[in-house]
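Participant: Structure file model-v6.cif, mmCIF, C-alpha atoms and all ligand atoms, is pasted below:
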data_final
loop_
_atom_site.label_atom_id
_atom_site.label_comp_id
_atom_site.auth_asym_id
_atom_site.auth_seq_id
_atom_site.Cartn_x
_atom_site.Cartn_y
_atom_site.Cartn_z
CA MET A 1 13.85 69.61 200.58
CA SER A 2 14.43 73.24 201.43
CA GLU A 3 18.02 72.85 200.14
CA GLN A 4 16.91 73.68 196.61
CA PHE A 5 15.87 77.20 197.65
CA SER A 6 18.16 80.18 197.98
CA PHE A 7 19.14 81.50 201.41
CA GLN A 8 16.67 84.35 201.06
CA THR A 9 13.75 81.99 200.51
CA ARG A 10 14.88 79.51 203.16
CA LEU A 11 14.63 82.24 205.81
CA LEU A 12 10.86 81.98 205.33
CA HIS A 13 10.19 78.58 203.82
CA ASN A 14 11.78 76.17 206.25
CA ASN A 15 10.59 73.61 208.75
CA GLN A 16 9.13 76.38 210.92
CA LYS A 17 7.02 77.84 208.11
CA PHE A 18 3.85 76.73 209.92
CA ASP A 19 2.98 74.76 213.02
CA LYS A 20 2.45 71.11 212.05
CA GLU A 21 -0.63 70.72 214.28
CA THR A 22 -2.54 73.94 213.83
CA GLY A 23 -1.08 75.51 210.71
CA ALA A 24 -0.22 78.65 212.70
CA VAL A 25 2.13 80.76 210.58
CA SER A 26 4.30 81.71 213.54
CA VAL A 27 6.20 79.40 215.84
CA PRO A 28 4.13 78.82 219.01
CA ILE A 29 5.73 80.02 222.24
CA GLN A 30 5.80 77.02 224.53
CA HIS A 31 6.15 78.25 228.09
CA ALA A 32 6.05 74.86 229.83
CA SER A 33 9.01 74.23 232.14
CA THR A 34 8.25 70.52 232.23
CA PHE A 35 6.56 67.97 230.00
CA HIS A 36 4.23 65.12 230.96
CA GLN A 37 5.67 61.72 230.11
CA PHE A 38 3.10 59.45 228.53
CA ASP A 39 5.09 56.29 229.00
CA PHE A 40 6.89 55.19 232.16
CA ASP A 41 9.64 53.46 230.19
CA GLN A 42 9.91 55.66 227.12
CA PHE A 43 10.26 59.41 227.67
CA GLY A 44 9.30 61.85 224.92
CA THR A 45 11.53 64.28 223.02
CA PHE A 46 11.04 66.94 225.72
CA ASP A 47 11.26 66.35 229.44
CA TYR A 48 12.51 69.49 231.18
CA GLY A 49 12.73 73.03 229.80
CA ARG A 50 16.43 73.60 230.37
CA SER A 51 17.30 70.41 228.50
CA GLY A 52 14.99 71.18 225.61
CA ASN A 53 11.95 73.21 224.60
CA PRO A 54 9.98 73.17 221.31
CA THR A 55 10.28 76.95 220.71
CA ARG A 56 14.00 76.87 221.39
CA ALA A 57 14.32 73.75 219.24
CA ALA A 58 12.68 75.64 216.35
CA LEU A 59 15.30 78.38 216.58
CA GLU A 60 18.16 75.91 217.04
CA GLU A 61 17.07 73.89 214.02
CA THR A 62 16.69 77.05 211.93
CA ILE A 63 20.13 78.47 212.67
CA ALA A 64 21.76 75.06 212.14
CA GLU A 65 20.14 74.82 208.72
CA LEU A 66 21.12 78.37 207.74
CA GLU A 67 24.74 77.93 208.82
CA GLY A 68 24.93 74.48 207.23
CA GLY A 69 25.79 72.68 210.47
CA VAL A 70 24.37 69.57 212.12
CA GLN A 71 22.99 71.17 215.27
CA GLY A 72 22.28 74.60 216.69
CA PHE A 73 22.15 75.84 220.28
CA ALA A 74 20.46 78.94 221.70
CA PHE A 75 21.91 80.72 224.71
CA ALA A 76 20.96 83.59 226.99
CA SER A 77 23.53 85.88 225.32
CA GLY A 78 26.37 85.86 222.83
CA MET A 79 28.79 85.63 225.74
CA ALA A 80 26.89 82.64 227.13
CA ALA A 81 27.29 80.90 223.76
CA ILE A 82 30.98 81.80 223.56
CA SER A 83 31.86 80.85 227.13
CA THR A 84 29.91 77.59 226.94
CA ALA A 85 31.77 76.69 223.73
CA PHE A 86 35.08 77.42 225.46
CA MET A 87 34.10 74.84 228.08
CA LEU A 88 34.89 72.22 225.43
CA LEU A 89 38.45 72.87 226.67
CA SER A 90 40.07 71.37 229.75
CA LYS A 91 42.74 72.39 232.20
CA GLY A 92 46.15 72.42 230.51
CA ASP A 93 44.74 73.24 227.07
CA HIS A 94 45.76 76.29 225.07
CA VAL A 95 43.85 78.59 222.70
CA VAL A 96 45.09 80.87 219.96
CA VAL A 97 42.86 83.95 219.80
CA THR A 98 42.67 86.78 217.31
CA THR A 99 44.15 90.00 218.77
CA ASP A 100 41.21 92.29 218.12
CA VAL A 101 38.66 89.91 219.55
CA TYR A 102 35.38 91.21 221.01
CA GLY A 103 36.04 92.88 224.39
CA GLY A 104 33.83 90.46 226.34
CA THR A 105 35.59 87.47 224.80
CA PHE A 106 38.95 89.06 225.65
CA ARG A 107 37.78 89.42 229.26
CA PHE A 108 36.55 85.80 229.42
CA VAL A 109 39.76 84.37 227.97
CA THR A 110 42.16 86.48 230.04
CA LYS A 111 40.26 86.64 233.34
CA VAL A 112 38.23 83.44 233.53
CA LEU A 113 39.79 80.74 231.34
CA SER A 114 43.21 81.65 232.72
CA ARG A 115 42.01 80.90 236.27
CA LEU A 116 40.92 77.45 235.13
CA GLY A 117 44.38 76.64 233.84
CA ILE A 118 43.58 77.23 230.18
CA GLU A 119 46.36 79.17 228.45
CA TYR A 120 46.05 81.62 225.60
CA THR A 121 48.09 83.42 222.98
CA PHE A 122 46.80 86.40 221.02
CA VAL A 123 47.92 86.64 217.42
CA ASP A 124 47.21 88.83 214.42
CA MET A 125 45.18 86.39 212.32
CA THR A 126 45.77 88.31 209.12
CA ASN A 127 49.27 86.87 209.30
CA LEU A 128 49.25 83.08 208.93
CA ASP A 129 52.87 82.74 210.02
CA ASP A 130 51.90 84.40 213.30
CA VAL A 131 48.98 82.01 213.69
CA GLU A 132 51.25 79.01 213.11
CA ALA A 133 53.89 80.41 215.47
CA GLY A 134 51.19 80.80 218.15
CA ILE A 135 50.21 77.13 218.01
CA GLN A 136 51.63 74.98 220.80
CA GLU A 137 51.58 71.27 221.50
CA ASN A 138 48.57 71.76 223.80
CA THR A 139 46.63 74.08 221.47
CA LYS A 140 43.07 72.84 221.10
CA VAL A 141 41.26 75.79 219.56
CA ILE A 142 41.95 78.60 217.11
CA TYR A 143 39.44 81.36 217.79
CA VAL A 144 38.67 83.73 214.91
CA GLU A 145 36.57 86.82 214.40
CA THR A 146 36.33 88.05 210.81
CA PRO A 147 35.79 90.85 210.07
CA SER A 148 37.29 91.76 213.40
CA ASN A 149 35.96 94.37 215.74
CA PRO A 150 36.31 97.35 215.31
CA THR A 151 39.20 97.63 212.83
CA MET A 152 37.60 95.22 210.33
CA LYS A 153 40.58 92.96 209.72
CA ILE A 154 39.90 89.94 207.53
CA THR A 155 41.13 86.46 208.36
CA ASN A 156 41.44 83.86 205.64
CA LEU A 157 39.16 81.15 207.03
CA LYS A 158 40.19 78.36 204.64
CA GLU A 159 43.84 78.85 205.46
CA VAL A 160 43.27 78.96 209.21
CA VAL A 161 41.20 75.78 208.92
CA ALA A 162 44.06 74.12 207.02
CA LEU A 163 46.49 75.07 209.81
CA ALA A 164 44.08 73.83 212.46
CA LYS A 165 43.78 70.49 210.65
CA LYS A 166 47.55 70.20 210.42
CA TYR A 167 47.92 70.68 214.18
CA GLU A 168 44.72 68.81 215.06
CA CYS A 169 42.89 71.65 216.71
CA LEU A 170 39.38 72.99 216.34
CA THR A 171 38.40 76.32 214.79
CA PHE A 172 35.76 78.56 216.36
CA VAL A 173 34.45 81.54 214.40
CA ASP A 174 32.43 84.42 215.82
CA ASN A 175 30.19 85.15 212.83
CA THR A 176 28.24 88.01 214.43
CA PHE A 177 29.29 90.71 211.96
CA MET A 178 28.52 88.69 208.82
CA THR A 179 25.63 86.38 209.77
CA PRO A 180 24.97 83.32 207.58
CA ALA A 181 23.42 85.68 205.03
CA LEU A 182 26.94 86.79 204.06
CA GLN A 183 29.33 84.16 205.40
CA ARG A 184 28.95 80.48 206.26
CA PRO A 185 32.17 79.36 207.98
CA ILE A 186 31.10 75.72 208.36
CA GLU A 187 31.10 75.41 204.56
CA LEU A 188 34.77 76.45 204.74
CA GLY A 189 35.61 73.74 207.26
CA VAL A 190 35.14 75.61 210.56
CA ASP A 191 34.01 73.46 213.52
CA VAL A 192 32.00 75.84 215.70
CA VAL A 193 30.20 79.02 214.63
CA LEU A 194 29.20 81.47 217.34
CA HIS A 195 26.85 84.43 217.30
CA SER A 196 25.72 87.29 219.35
CA ALA A 197 22.16 87.01 218.02
CA THR A 198 21.58 90.27 219.87
CA LYS A 199 22.96 91.95 216.77
CA PHE A 200 22.03 91.39 213.10
CA ILE A 201 20.30 88.05 213.55
CA SER A 202 17.50 89.46 215.70
CA GLY A 203 18.14 92.95 214.33
CA HIS A 204 15.79 95.18 216.32
CA SER A 205 17.68 96.12 219.52
CA ASP A 206 15.14 94.25 221.59
CA VAL A 207 16.71 90.99 222.72
CA ILE A 208 19.96 89.64 224.17
CA ALA A 209 20.70 86.22 222.69
CA GLY A 210 23.47 83.90 221.58
CA LEU A 211 23.70 81.03 219.12
CA ALA A 212 26.17 78.27 218.36
CA VAL A 213 26.24 75.84 215.45
CA VAL A 214 28.54 72.84 215.17
CA LYS A 215 29.89 70.95 212.20
CA ASP A 216 29.60 67.35 213.35
CA GLU A 217 27.69 64.96 215.62
CA GLU A 218 30.49 64.48 218.10
CA LEU A 219 30.73 68.22 218.81
CA ALA A 220 26.94 68.40 218.87
CA GLU A 221 26.82 65.84 221.64
CA GLN A 222 29.52 67.60 223.65
CA LEU A 223 27.98 71.05 223.29
CA ALA A 224 24.49 69.76 224.11
CA PHE A 225 25.92 68.29 227.29
CA LEU A 226 27.58 71.63 228.18
CA GLN A 227 24.49 73.68 227.33
CA ASN A 228 22.45 71.53 229.69
CA SER A 229 25.17 71.49 232.37
CA PHE A 230 25.71 75.26 232.34
CA GLY A 231 22.06 75.99 231.77
CA SER A 232 22.46 79.44 230.22
CA VAL A 233 19.68 78.71 227.72
CA LEU A 234 17.62 81.30 225.86
CA GLY A 235 14.09 81.91 227.19
CA VAL A 236 11.18 81.10 224.91
CA GLN A 237 9.91 84.66 224.34
CA ASP A 238 13.40 85.63 223.27
CA CYS A 239 13.68 82.57 221.00
CA TRP A 240 10.54 83.77 219.29
CA LEU A 241 11.91 87.30 218.86
CA VAL A 242 15.08 85.92 217.29
CA LEU A 243 13.04 83.71 214.94
CA ARG A 244 11.01 86.73 213.90
CA GLY A 245 14.09 88.86 213.35
CA LEU A 246 15.63 86.13 211.19
CA LYS A 247 12.83 86.36 208.64
CA THR A 248 14.04 89.77 207.46
CA LEU A 249 17.76 89.05 207.82
CA HIS A 250 18.43 88.98 204.10
CA VAL A 251 16.75 92.30 203.23
CA ARG A 252 18.25 94.01 206.24
CA MET A 253 21.80 92.84 205.44
CA GLU A 254 21.38 93.72 201.78
CA HIS A 255 20.20 97.27 202.43
CA SER A 256 22.60 97.98 205.27
CA SER A 257 25.67 96.56 203.50
CA LYS A 258 24.99 98.66 200.42
CA ALA A 259 24.49 101.73 202.60
CA ALA A 260 27.68 100.97 204.56
CA TYR A 261 29.65 100.78 201.31
CA GLU A 262 28.30 104.13 200.14
CA LEU A 263 29.05 105.73 203.49
CA ALA A 264 32.56 104.27 203.59
CA LEU A 265 33.33 105.82 200.18
CA TRP A 266 31.82 109.13 201.27
CA LEU A 267 33.58 109.24 204.65
CA LYS A 268 36.91 108.68 202.93
CA GLU A 269 36.41 111.98 201.12
CA GLN A 270 35.66 114.02 204.24
CA SER A 271 38.54 116.14 205.47
CA GLU A 272 37.63 115.55 209.15
CA VAL A 273 38.03 111.79 208.69
CA GLU A 274 41.58 110.51 208.98
CA ARG A 275 40.90 106.87 208.22
CA VAL A 276 38.08 104.53 207.24
CA TYR A 277 38.03 100.82 207.98
CA TYR A 278 35.68 98.86 205.73
CA PRO A 279 36.56 95.59 203.96
CA GLY A 280 34.55 96.63 200.91
CA LEU A 281 36.99 99.42 200.06
CA GLU A 282 39.38 98.27 197.38
CA GLY A 283 42.45 99.46 199.27
CA HIS A 284 41.53 97.35 202.30
CA PRO A 285 44.18 94.63 202.77
CA GLY A 286 41.52 91.95 203.26
CA TYR A 287 39.39 92.96 200.29
CA ASP A 288 40.22 89.96 198.06
CA ILE A 289 39.87 87.40 200.84
CA GLN A 290 36.56 88.89 201.93
CA GLN A 291 35.32 88.79 198.35
CA GLU A 292 36.29 85.15 198.07
CA GLN A 293 34.99 83.78 201.36
CA SER A 294 31.85 85.90 201.82
CA ASP A 295 28.82 87.12 199.92
CA GLY A 296 29.28 90.72 201.00
CA PHE A 297 31.17 93.22 203.10
CA GLY A 298 28.68 93.76 205.88
CA ALA A 299 27.05 96.74 207.50
CA VAL A 300 29.71 97.81 209.98
CA LEU A 301 32.50 100.29 209.37
CA SER A 302 34.83 102.28 211.58
CA PHE A 303 36.34 105.69 211.02
CA GLU A 304 38.87 107.77 212.80
CA LEU A 305 38.63 111.44 213.72
CA LYS A 306 41.50 113.53 214.96
CA ASP A 307 41.13 112.88 218.67
CA LYS A 308 38.73 112.36 221.55
CA ASP A 309 37.58 116.00 221.51
CA ALA A 310 36.62 115.72 217.86
CA VAL A 311 34.73 112.51 218.61
CA ARG A 312 32.87 114.14 221.51
CA GLN A 313 31.88 117.11 219.37
CA PHE A 314 30.78 114.87 216.51
CA VAL A 315 28.76 112.56 218.73
CA ASN A 316 27.06 115.51 220.45
CA ASN A 317 25.97 116.85 217.07
CA VAL A 318 24.75 113.81 215.11
CA LYS A 319 21.03 113.17 215.19
CA VAL A 320 20.30 110.05 213.11
CA PRO A 321 22.24 107.19 214.72
CA VAL A 322 21.75 106.30 218.35
CA PHE A 323 24.96 106.58 220.34
CA ALA A 324 25.12 103.23 222.05
CA VAL A 325 26.89 99.97 222.71
CA SER A 326 25.85 97.27 220.22
CA LEU A 327 25.39 96.97 216.48
CA GLY A 328 23.33 95.18 213.90
CA ALA A 329 19.98 96.85 214.27
CA VAL A 330 17.35 98.54 212.08
CA GLU A 331 18.47 101.91 213.44
CA SER A 332 22.07 102.97 212.81
CA ILE A 333 24.23 102.68 215.90
CA LEU A 334 27.29 104.81 216.50
CA SER A 335 29.62 103.59 219.19
CA TYR A 336 32.88 104.56 220.78
CA PRO A 337 34.95 101.38 221.16
CA ALA A 338 37.45 102.91 223.62
CA THR A 339 34.83 103.27 226.34
CA MET A 340 32.18 100.85 225.08
CA SER A 341 32.90 97.48 223.42
CA HIS A 342 36.59 97.58 224.37
CA ALA A 343 36.36 99.20 227.79
CA ALA A 344 37.43 95.88 229.31
CA MET A 345 40.73 96.07 227.43
CA PRO A 346 43.68 97.87 229.07
CA GLY A 347 44.52 101.18 227.34
CA GLU A 348 47.86 100.07 226.04
CA GLU A 349 46.47 96.88 224.50
CA ARG A 350 43.71 98.94 222.94
CA GLN A 351 46.09 101.40 221.29
CA GLN A 352 48.21 98.54 219.99
CA ARG A 353 45.12 97.11 218.31
CA GLY A 354 44.39 100.42 216.55
CA ILE A 355 41.45 101.23 218.83
CA THR A 356 42.52 104.83 219.29
CA ASP A 357 40.73 107.65 221.10
CA GLY A 358 39.60 109.02 217.73
CA LEU A 359 37.95 105.81 216.51
CA LEU A 360 34.19 105.51 216.05
CA ARG A 361 32.28 102.47 214.86
CA LEU A 362 29.13 102.77 212.83
CA SER A 363 26.64 99.98 212.33
CA VAL A 364 24.45 101.07 209.46
CA GLY A 365 20.72 100.53 209.80
CA LEU A 366 17.81 101.01 207.42
CA GLU A 367 17.66 104.80 207.21
CA SER A 368 18.16 106.67 203.95
CA VAL A 369 21.89 106.98 203.24
CA GLU A 370 21.37 110.57 202.14
CA ASP A 371 19.89 111.46 205.51
CA ILE A 372 22.92 109.98 207.28
CA LYS A 373 25.32 111.88 205.01
CA LYS A 374 23.46 115.13 205.65
CA ASP A 375 23.45 114.49 209.37
CA PHE A 376 27.17 113.68 209.43
CA SER A 377 27.99 116.71 207.26
CA ASN A 378 26.29 118.96 209.80
CA ALA A 379 28.19 117.34 212.64
CA PHE A 380 31.48 117.74 210.75
CA GLU A 381 30.70 121.42 210.25
CA SER A 382 30.33 121.83 213.98
CA LEU A 383 33.86 120.40 214.32
CA ALA A 384 35.23 123.06 211.99
CA VAL A 385 33.50 125.81 213.97
CA THR A 386 35.10 124.88 217.27
CA LYS A 387 38.58 124.27 215.84
C1 LIG B 401 28.02 91.68 221.05
C2 LIG B 401 29.05 90.71 220.63
C3 LIG B 401 29.33 89.58 221.41
C4 LIG B 401 28.66 89.33 222.75
O1 LIG B 401 27.30 89.07 222.60
P1 LIG B 401 26.21 89.41 223.74
O2 LIG B 401 24.94 89.01 223.10
O3 LIG B 401 26.30 90.87 224.03
O4 LIG B 401 26.56 88.59 224.94
C5 LIG B 401 30.27 88.69 220.93
N1 LIG B 401 30.91 88.89 219.77
C6 LIG B 401 30.68 89.97 219.00
C7 LIG B 401 31.43 90.13 217.72
C8 LIG B 401 29.75 90.91 219.40
O5 LIG B 401 29.53 91.99 218.65
#
Once more with this new file: its structure as structure tokens, please.
Facilitator:
Amino acid sequence: MSEQFSFQTRLLHNNQKFDKETGAVSVPIQHASTFHQFDFDQFGTFDYGRSGNPTRAALEETIAELEGGVQGFAFASGMAAISTAFMLLSKGDHVVVTTDVYGGTFRFVTKVLSRLGIEYTFVDMTNLDDVEAGIQENTKVIYVETPSNPTMKITNLKEVVALAKKYECLTFVDNTFMTPALQRPIELGVDVVLHSATKFISGHSDVIAGLAVVKDEELAEQLAFLQNSFGSVLGVQDCWLVLRGLKTLHVRMEHSSKAAYELALWLKEQSEVERVYYPGLEGHPGYDIQQEQSDGFGAVLSFELKDKDAVRQFVNNVKVPVFAVSLGAVESILSYPATMSHAAMPGEERQQRGITDGLLRLSVGLESVEDIKKDFSNAFESLAVTK
């Protein structure tokens, strides 16, 4: 029924709009760890909290509906969602992973999966020939992040899906940067969508959470089994926080994406800035693909200053954004990938991926763009003074 509404409206008017029993206009937080069974022979929908919980089910149903998949899963963190999804693989399998993958995912693939006899190849997913060349006989998954972190490379999802179909492997997409408000990979044929719901989906820097959504029933059954076996489920208070954050997802993404675009244009004109990475800039190599496969360019951009000293000086002088790990919040977050998100990556690998010592990532929040520009201008002036 809700299908007839736009995404914006469906964030509010969905199955969780009010509690069916009481009419409460907020999903009840169900703390119970176990559920009384009314019938000896026929157990109810819920039996034990790890296996299923009504508050978690509300979130899982909501994200599945928004991503256009058959089932959703809520995990204790983005990494819990990602690593549980990787457990769909078995010893002897191989994965093709995008080179500038999230640092934690890089660590899991290279340090954990490898110990379990699961092989990997990193490829630049902007080049489809490279993706195809990376596929082996035992490849089971192509793992994509688009836009990638932090250099904002765009992967053509439809074309990767076509390759995956040709070689009979699955596609996983980390959709954290876009959220279903801007990009719905399942509609493009992707099998598993993953999220750090810590970021834009919850949006307020107050919860660590992960989500997964799958395309078909068979995967749903397998992932449900793994979620219950691993047990890294999201607690009910946190499920509620994510559900609340979701209600404003559309307005937050709309404001922050527009602000990010304005800032990207402005940063490009600043003499202290050597380079700006934002897929909404017309010169960006992924601009056309992004325009075709998404409803926007997102709220994250990266920019490069001369060197680490310039970065230190800049960071010490900005006042509006918080300087922190993470992204996707109401407050703008400035981070330094070299020692934050990509600290787990060896220096050489980092440099190769363009994550230089001068690179900063900015996740734009809900502040006035003019205030951010003023703040950054002041910080740039301080750079000039010390030169
Ligand atoms: C933060 C992040 C993750 C990891 O999520 P956690 O909630 O921190 O475990 C994975 N992928 C991307 C793109 C992220 O930004």
Participant: Using only C-alpha atoms - which residues lie no farther than 9 Å from the point (37.1, 109.8, 217.7) in the file's frame? Write them as a PyMOL selection string.
Facilitator: chain A and resi 303-312+314-315+336+356-360
Participant: Which one is closest to ligand LIG 401 (chain B): A:Glu272, A:Asp39, A:Asp206, A:Glu145? Count all atoms listed in the file.
Facilitator: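 Checking each of A:Glu272, A:Asp39, A:Asp206, A:Glu145 against ligand LIG 401 (chain B), counting all atoms listed in the file, the winner is A:Glu145.
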Participant: How would you write, as a list in words, the set of residues no farther than 6 Å from ligand LIG 401 (chain B) when counting only C-alpha atoms and all ligand atoms?
Facilitator: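 The neighbouring residues of ligand LIG 401 (chain B) are, in order, Ser77, Gly78, Met79, Tyr102, Thr176, Ser196, Thr198, Ile208, Ala209 and Gly210 of chain A.
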Participant: Which one of A:Ala80, A:Val161, A:Ile142, A:Ala133 sits closest to His195 in chain A if you count all atoms listed in the file?
Facilitator: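 Ranking A:Ala80, A:Val161, A:Ile142, A:Ala133 by distance to His195 in chain A, first place goes to A:Ala80.
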Participant: What gap, in Å, lies between CA of Ala299 in chain A and CA of Ala260 in chain A?
Facilitator: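 Here the two named atoms are 5.2 Å from each other.
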Participant: At a cut-off of 10 Å, can you tabulate as a Markdown table every residue of range 49-166 of chain A near range 241-249 of chain A together with its closest atom pair and the distance in Å to one decimal, using only C-alpha atoms and ordering rows by chain then number?
Facilitator:
| residue | atom | partner | partner_atom | distance |
| --- | --- | --- | --- | --- |
| A:Thr55 | CA | A:Leu243 | CA | 9.3 |
| A:Arg56 | CA | A:Leu243 | CA | 9.5 |
| A:Ala58 | CA | A:Leu243 | CA | 8.2 |
| A:Leu59 | CA | A:Leu243 | CA | 6.0 |
| A:Glu60 | CA | A:Leu243 | CA | 9.6 |
| A:Thr62 | CA | A:Leu243 | CA | 8.2 |
| A:Ile63 | CA | A:Leu246 | CA | 9.0 |
| A:Ala74 | CA | A:Val242 | CA | 9.9 |
Participant: Restricting the calculation to all atoms listed in the file: of A:Ala57, A:Ile135, A:Ala76, A:Val325, which residue gets closest to Thr45 in chain A?
Facilitator: A:Ala57
Participant: For a test of reading the model, state the distance in Å between CA of Leu223 in chain A and CA of Leu327 in chain A, rounded to one decimal.
Facilitator: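 CA of Leu327 in chain A lies at a distance of 26.9 Å from CA of Leu223 in chain A.
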Participant: Find the residues around Pro180 in chain A up to 12 Å (all atoms listed in the file counted), leave out those fewer than 5 positions away in its own chain, and share them as a VMD selection string.
Facilitator: chain A and resid 7 to 8 10 to 11 62 to 69 173 to 175 185 to 187 193 to 195 197 200 to 201 211 to 213 246 249 to 250 253 293 to 296 298
Participant: Is it possible to get the residues within 12 Å of (36.2, 107.1, 196.5) (coordinates as in the file, counting all atoms listed in the file) written as a list in words?
Facilitator: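 Here is the list of nearby residues: Tyr261, Glu262, Leu263, Ala264, Leu265, Trp266, Leu267, Lys268, Glu269, Gln270, Val276, Gly280, Leu281, Glu282 and Gly283 of chain A.
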Participant: Restricting the output to C-alpha atoms, write the selected residues as a compact mmCIF listing (two decimals), keeping the file's coordinate frame.
Facilitator:
# COMPACT_ATOMS: atom_id res chain seq x y z
CA TYR A 261 29.65 100.78 201.31
CA GLU A 262 28.30 104.13 200.14
CA LEU A 263 29.05 105.73 203.49
CA ALA A 264 32.56 104.27 203.59
CA LEU A 265 33.33 105.82 200.18
CA TRP A 266 31.82 109.13 201.27
CA LEU A 267 33.58 109.24 204.65
CA LYS A 268 36.91 108.68 202.93
CA GLU A 269 36.41 111.98 201.12
CA GLN A 270 35.66 114.02 204.24
CA VAL A 276 38.08 104.53 207.24
CA GLY A 280 34.55 96.63 200.91
CA LEU A 281 36.99 99.42 200.06
CA GLU A 282 39.38 98.27 197.38
CA GLY A 283 42.45 99.46 199.27
Participant: In Å, how far is it from CA of Phe297 in chain A to CA of Lys199 in chain A?
Facilitator: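 Going from CA of Phe297 in chain A over to CA of Lys199 in chain A covers 16.0 Å.
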Participant: With only C-alpha atoms as the basis for distance, which of A:Asp93, A:Glu349, A:Asp216, A:Asp47 is at the shortest distance from Leu113 in chain A?
Facilitator: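 Closest to Leu113 in chain A of all the choices is A:Asp93.
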Participant: Which one is closest to Gly49 in chain A: A:Ser302, A:Thr99, A:Gln30, A:Thr155? Count only C-alpha atoms.
Facilitator: A:Gln30
